[in-house]
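**Student:** Just so it is clear, I am handing over structure_15.tsv, which has TSV, C-alpha atoms.
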```
chain	number	residue	atom	x	y	z
R	1	MET	CA	-72.47	-11.98	6.31
R	2	LYS	CA	-68.99	-10.56	5.71
R	3	LYS	CA	-70.56	-7.17	5.07
R	4	ILE	CA	-72.34	-7.27	8.43
R	5	ILE	CA	-69.12	-8.22	10.26
R	6	LYS	CA	-67.29	-5.32	8.61
R	7	ILE	CA	-70.05	-2.91	9.63
R	8	VAL	CA	-69.96	-4.18	13.23
R	9	ILE	CA	-66.15	-3.86	13.41
R	10	LEU	CA	-66.37	-0.34	11.97
R	11	MET	CA	-68.98	0.63	14.57
R	12	VAL	CA	-66.83	-0.75	17.39
R	13	ILE	CA	-63.80	1.18	16.09
R	14	LEU	CA	-65.84	4.38	15.90
R	15	LEU	CA	-67.18	3.80	19.42
R	16	LEU	CA	-63.71	3.23	20.86
R	17	SER	CA	-62.32	6.25	19.00
R	18	GLY	CA	-65.12	8.42	20.37
R	19	LEU	CA	-64.51	7.22	23.92
R	20	LEU	CA	-60.76	7.87	23.59
R	21	PHE	CA	-61.48	11.35	22.26
R	22	LEU	CA	-63.69	12.02	25.29
R	23	GLY	CA	-60.94	10.85	27.65
R	24	PHE	CA	-62.32	7.44	28.65
R	25	ARG	CA	-58.91	5.77	28.34
R	26	HIS	CA	-59.30	3.16	31.09
R	27	GLU	CA	-62.86	2.33	30.03
R	28	VAL	CA	-61.64	1.64	26.49
R	29	ALA	CA	-58.87	-0.60	27.83
R	30	ASN	CA	-61.32	-2.58	29.95
R	31	PHE	CA	-63.71	-2.96	27.04
R	32	TYR	CA	-60.83	-4.12	24.84
R	33	ASN	CA	-59.86	-6.68	27.50
R	34	LYS	CA	-63.34	-8.19	27.52
R	35	ILE	CA	-63.48	-8.33	23.72
R	36	SER	CA	-60.01	-9.90	23.44
R	37	TYR	CA	-60.83	-12.54	26.05
R	38	THR	CA	-64.02	-13.38	24.17
R	39	LEU	CA	-62.26	-13.64	20.81
R	40	TRP	CA	-59.04	-15.34	21.87
R	41	GLY	CA	-60.00	-17.35	24.92
R	42	ASP	CA	-58.33	-17.72	28.29
R	43	ILE	CA	-55.20	-15.59	28.43
R	44	HIS	CA	-54.21	-16.90	31.85
R	45	LYS	CA	-52.53	-19.93	30.28
R	46	VAL	CA	-50.23	-17.60	28.37
R	47	GLU	CA	-49.52	-15.63	31.55
R	48	LYS	CA	-48.48	-18.83	33.35
R	49	LYS	CA	-46.27	-19.90	30.45
R	50	LEU	CA	-44.52	-16.51	30.30
R	51	GLU	CA	-44.08	-16.51	34.07
R	52	THR	CA	-42.28	-19.86	33.83
R	53	LEU	CA	-40.09	-18.57	31.00
R	54	TYR	CA	-39.21	-15.46	33.00
R	55	SER	CA	-38.29	-17.51	36.06
R	56	SER	CA	-35.88	-19.54	33.93
R	57	GLY	CA	-34.34	-16.44	32.32
R	58	GLN	CA	-35.74	-17.03	28.84
R	59	PHE	CA	-36.35	-13.36	28.14
R	60	ARG	CA	-36.00	-13.50	24.35
R	61	GLU	CA	-38.59	-16.27	24.16
R	62	ILE	CA	-41.03	-14.06	26.07
R	63	LEU	CA	-40.54	-11.27	23.53
R	64	GLU	CA	-41.08	-13.65	20.61
R	65	ILE	CA	-44.37	-14.89	22.06
R	66	TYR	CA	-45.48	-11.31	22.78
R	67	ARG	CA	-44.69	-10.17	19.23
R	68	SER	CA	-46.68	-13.09	17.82
R	69	ASN	CA	-49.92	-11.61	19.14
R	70	GLU	CA	-49.21	-8.23	20.69
R	71	ALA	CA	-52.72	-6.93	20.01
R	72	GLN	CA	-54.15	-9.56	22.33
R	73	TYR	CA	-51.43	-9.76	24.96
R	74	LYS	CA	-51.17	-6.05	25.68
R	75	SER	CA	-54.58	-6.31	27.33
R	76	SER	CA	-52.86	-8.12	30.24
R	77	ASP	CA	-50.90	-5.94	32.68
R	78	PHE	CA	-49.25	-9.11	33.98
R	79	ILE	CA	-47.86	-9.92	30.53
R	80	ASN	CA	-46.95	-6.29	29.88
R	81	ARG	CA	-44.87	-6.20	33.05
R	82	LEU	CA	-43.03	-9.44	32.19
R	83	VAL	CA	-42.26	-8.10	28.71
R	84	LEU	CA	-40.98	-4.78	30.09
R	85	LEU	CA	-38.88	-6.58	32.71
R	86	SER	CA	-37.48	-8.85	29.99
R	87	LEU	CA	-36.47	-5.87	27.86
R	88	VAL	CA	-34.77	-4.31	30.89
R	89	LYS	CA	-32.96	-7.59	31.61
R	90	LEU	CA	-31.74	-7.61	28.00
R	91	ASN	CA	-30.53	-3.99	28.42
R	92	ASN	CA	-32.86	-2.79	25.69
R	93	GLN	CA	-33.95	0.31	27.59
R	94	GLU	CA	-34.93	2.21	24.45
R	95	ARG	CA	-37.45	-0.44	23.39
R	96	ALA	CA	-38.65	-0.78	26.99
R	97	ALA	CA	-39.25	2.96	27.25
R	98	SER	CA	-41.03	3.10	23.89
R	99	LEU	CA	-43.31	0.18	24.81
R	100	PHE	CA	-43.99	1.60	28.28
R	101	LEU	CA	-45.11	4.92	26.82
R	102	SER	CA	-47.28	3.14	24.25
R	103	LEU	CA	-48.90	0.93	26.89
R	104	ALA	CA	-49.46	3.93	29.16
R	105	ASP	CA	-51.42	5.64	26.41
R	106	PHE	CA	-53.29	2.41	25.71
R	107	GLY	CA	-54.59	2.36	29.27
R	108	LEU	CA	-52.22	1.07	31.97
R	109	SER	CA	-53.78	1.43	35.39
R	110	PRO	CA	-52.17	3.96	37.78
R	111	ALA	CA	-51.75	0.91	40.05
R	112	PHE	CA	-49.53	-0.82	37.47
R	113	PRO	CA	-46.54	-2.26	39.45
R	114	VAL	CA	-43.38	-0.39	38.41
R	115	ASN	CA	-40.91	-2.06	40.77
R	116	GLY	CA	-37.98	-3.38	38.76
R	117	LEU	CA	-38.61	-0.90	35.94
R	118	VAL	CA	-36.54	2.04	37.21
R	119	LYS	CA	-34.22	1.86	34.20
R	120	ILE	CA	-37.09	3.06	32.01
R	121	PRO	CA	-37.54	6.52	33.61
R	122	ASP	CA	-33.76	6.70	34.04
R	123	PHE	CA	-33.33	6.19	30.29
R	124	LEU	CA	-35.86	8.93	29.51
R	125	TYR	CA	-34.26	11.26	32.07
R	126	VAL	CA	-30.73	10.79	30.69
R	127	ARG	CA	-32.10	11.44	27.19
R	128	LYS	CA	-33.79	14.58	28.55
R	129	ASN	CA	-37.21	13.33	27.47
R	130	TYR	CA	-38.80	15.42	30.21
R	131	GLY	CA	-42.08	15.79	28.34
R	132	ASP	CA	-42.56	12.02	28.18
R	133	LEU	CA	-41.91	11.68	31.91
R	134	ALA	CA	-44.30	14.53	32.68
R	135	HIS	CA	-46.89	12.76	30.53
R	136	LEU	CA	-46.46	9.52	32.53
R	137	TYR	CA	-46.83	11.58	35.70
R	138	ASP	CA	-50.09	13.05	34.39
R	139	LEU	CA	-51.37	9.52	33.76
R	140	GLY	CA	-50.65	8.71	37.42
R	141	ILE	CA	-48.41	5.71	36.77
R	142	GLY	CA	-45.82	4.95	39.45
R	143	LYS	CA	-46.42	8.07	41.54
R	144	GLY	CA	-46.01	6.17	44.81
R	145	ASP	CA	-42.64	4.75	43.77
R	146	VAL	CA	-39.65	6.65	45.20
R	147	ASN	CA	-37.50	6.29	42.09
R	148	PHE	CA	-40.26	7.30	39.69
R	149	SER	CA	-41.10	10.22	41.99
R	150	PHE	CA	-37.59	11.62	41.60
R	151	TYR	CA	-37.64	11.34	37.80
R	152	TYR	CA	-41.10	12.89	37.69
R	153	GLY	CA	-40.01	15.71	39.99
R	154	ALA	CA	-36.89	16.53	37.99
R	155	SER	CA	-38.82	16.43	34.72
R	156	LEU	CA	-41.65	18.57	36.04
R	157	TYR	CA	-39.09	21.17	37.11
R	158	GLU	CA	-37.57	21.12	33.62
R	159	VAL	CA	-40.97	21.77	32.02
R	160	ASP	CA	-41.64	24.62	34.47
R	161	ARG	CA	-44.21	22.88	36.67
R	162	VAL	CA	-42.36	23.86	39.83
R	163	ARG	CA	-45.06	23.28	42.47
R	164	GLU	CA	-45.71	19.74	41.29
R	165	ALA	CA	-41.95	19.20	41.00
R	166	GLU	CA	-41.49	20.20	44.63
R	167	LYS	CA	-44.09	17.68	45.80
R	168	MET	CA	-42.52	14.82	43.89
R	169	LEU	CA	-38.94	15.70	44.82
R	170	SER	CA	-39.82	16.18	48.49
R	171	TYR	CA	-41.59	12.82	48.53
R	172	ALA	CA	-38.58	11.10	46.97
R	173	PHE	CA	-36.12	12.84	49.31
R	174	GLU	CA	-38.15	12.13	52.45
R	175	ASN	CA	-38.46	8.48	51.47
R	176	GLY	CA	-34.76	7.82	51.07
R	177	TYR	CA	-33.81	8.79	47.51
R	178	ILE	CA	-30.19	9.95	47.58
R	179	GLY	CA	-27.55	11.28	45.19
R	180	ALA	CA	-26.27	14.42	43.54
R	181	ASP	CA	-29.22	14.90	41.22
R	182	ILE	CA	-31.98	15.09	43.80
R	183	ASN	CA	-29.97	17.49	45.95
R	184	TYR	CA	-29.29	19.60	42.85
R	185	TYR	CA	-33.01	19.88	42.06
R	186	MET	CA	-33.94	20.48	45.69
R	187	ALA	CA	-31.47	23.39	45.63
R	188	LEU	CA	-33.15	24.82	42.52
R	189	ILE	CA	-36.56	24.49	44.17
R	190	TRP	CA	-35.37	26.45	47.22
R	191	GLU	CA	-33.79	29.03	44.94
R	192	LYS	CA	-37.19	29.56	43.29
R	193	LYS	CA	-38.55	30.22	46.78
R	194	ARG	CA	-35.67	32.69	47.36
R	195	ASN	CA	-34.40	30.76	50.35
R	196	PHE	CA	-30.72	30.90	49.41
R	197	ASP	CA	-29.47	29.31	52.63
R	198	ARG	CA	-31.45	26.14	51.93
R	199	ALA	CA	-30.51	26.29	48.26
R	200	ILE	CA	-26.81	26.48	49.17
R	201	PHE	CA	-27.25	23.65	51.67
R	202	PHE	CA	-28.67	21.30	49.04
R	203	MET	CA	-26.26	22.37	46.29
R	204	SER	CA	-23.37	21.73	48.69
R	205	ARG	CA	-24.78	18.26	49.35
R	206	ALA	CA	-24.94	17.71	45.60
R	207	HIS	CA	-21.25	18.61	45.41
R	208	LEU	CA	-20.41	16.08	48.14
R	209	TYR	CA	-22.04	13.36	46.05
R	210	ASN	CA	-20.29	14.43	42.84
R	211	ARG	CA	-17.13	16.47	43.35
R	212	LYS	CA	-16.21	16.33	39.65
R	213	ASP	CA	-19.34	18.06	38.37
R	214	ARG	CA	-18.33	21.60	37.42
R	215	ASP	CA	-21.95	22.58	36.78
R	216	ILE	CA	-22.76	22.01	40.46
R	217	LEU	CA	-19.84	24.22	41.50
R	218	ILE	CA	-20.86	26.96	39.07
R	219	ASN	CA	-24.39	26.89	40.47
R	220	LEU	CA	-23.03	26.97	44.01
R	221	ILE	CA	-21.01	30.10	43.18
R	222	ARG	CA	-24.09	31.66	41.62
R	223	LEU	CA	-26.16	30.94	44.75
R	224	TYR	CA	-23.55	32.41	47.08
R	225	ARG	CA	-23.49	35.57	44.96
R	226	LYS	CA	-27.28	35.77	44.95
R	227	LYS	CA	-27.18	35.60	48.71
R	228	GLY	CA	-24.54	38.35	48.78
R	229	ASP	CA	-21.89	36.06	50.26
R	230	TYR	CA	-18.97	36.89	47.99
R	231	LYS	CA	-16.40	35.26	50.28
R	232	GLY	CA	-18.33	32.00	50.05
R	233	ALA	CA	-18.46	32.37	46.28
R	234	GLU	CA	-14.70	32.99	46.14
R	235	SER	CA	-13.99	29.88	48.23
R	236	ILE	CA	-15.90	27.73	45.73
R	237	LEU	CA	-14.33	29.53	42.78
R	238	ARG	CA	-10.91	28.33	43.92
R	239	LEU	CA	-12.08	24.75	43.42
R	240	LEU	CA	-12.63	25.49	39.73
R	241	ARG	CA	-9.10	26.78	39.17
```
Since I need it in another form, could you write the structure as structure tokens?

**Tutor:**
Amino acid sequence: MKKIIKIVILMVILLLSGLLFLGFRHEVANFYNKISYTLWGDIHKVEKKLETLYSSGQFREILEIYRSNEAQYKSSDFINRLVLLSLVKLNNQERAASLFLSLADFGLSPAFPVNGLVKIPDFLYVRKNYGDLAHLYDLGIGKGDVNFSFYYGASLYEVDRVREAEKMLSYAFENGYIGADINYYMALIWEKKRNFDRAIFFMSRAHLYNRKDRDILINLIRLYRKKGDYKGAESILRLLR
């Protein structure tokens, strides 16, 4: 009997591996969900319990329960989100980012709710993990979120996917994302299109948001010179002295 069970498990593993190889990521996740529910019973009770713990601020308890049976619980997007939110609440952005990337590869739906998780892409962005962010973008997770759209746009620019970067950055900008960074990248996008007036406009806006950033001023000087406006470049150069 044990031999038969081992053979069946091996066949299932081979089947799942083959499906993953062929790109059926979501199908594998759904199949895993059904199997885990069959083997471990109703997971909704656990979801309710973790929801109560989260509401009362017991974030560490949530993580302990999750670690006790991660293989089962990661099949629930509801639980995954509570765990990620708990890690963010505990300021463990590194673990949150690592888990988020792992879950994304496991099969998170593009519709996975990312509100409240902005510190995860921010952590990856500050660490210059542009490839990881571009990978999340390719999986379609959080594309409709304004904050994620900015981090995706900036990262896509950094990995030389400029057209896609422009779409994401424009979406974020048009939907209210503000700050020095988005104006900086919008300036670089317009520079790529050789519209130096627009590039200078956005780089100047970036400077207004962050007057202490010398890199912005250096880029502003460079843009004025590219345009042939040496007086404009000289006026900015004085700010660096």

**Student:** Can you list every residue of region 93-131 of chain R that has an atom at most 12 Å from region 171-190 of chain R, with its nearest atom pair and the distance in Å to one decimal, using all atoms listed in the file, ordered by chain then number, as a Markdown table?

**Tutor:**
```
| residue | atom | partner | partner_atom | distance |
| --- | --- | --- | --- | --- |
| R:Asp122 | CA | R:Asp181 | CA | 11.8 |
| R:Tyr125 | CA | R:Asp181 | CA | 11.1 |
| R:Val126 | CA | R:Asp181 | CA | 11.4 |
```

**Student:** Find the spatial neighbours of Ile65 (chain R), counting all atoms listed in the file, within a cut-off of 10 Å - ignore same-chain residues fewer than 4 positions away - and output them as a ChimeraX atom specification.

**Tutor:** /R:46,49-50,60-61,69-70,73,83

**Student:** Between R:Glu164, R:Glu191, R:Asp197, R:Asp215, single out the one closest to Asp138 (chain R), counting all atoms listed in the file.

**Tutor:**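 Of R:Glu164, R:Glu191, R:Asp197, R:Asp215, the one nearest Asp138 (chain R), counting all atoms listed in the file, is R:Glu164.
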
**Student:** Tell me, in Å to one decimal, how far CA of Lys212 (chain R) is from CA of Lys128 (chain R).

**Tutor:**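 Answer for the CA of Lys212 (chain R) to CA of Lys128 (chain R) separation: 20.9 Å.
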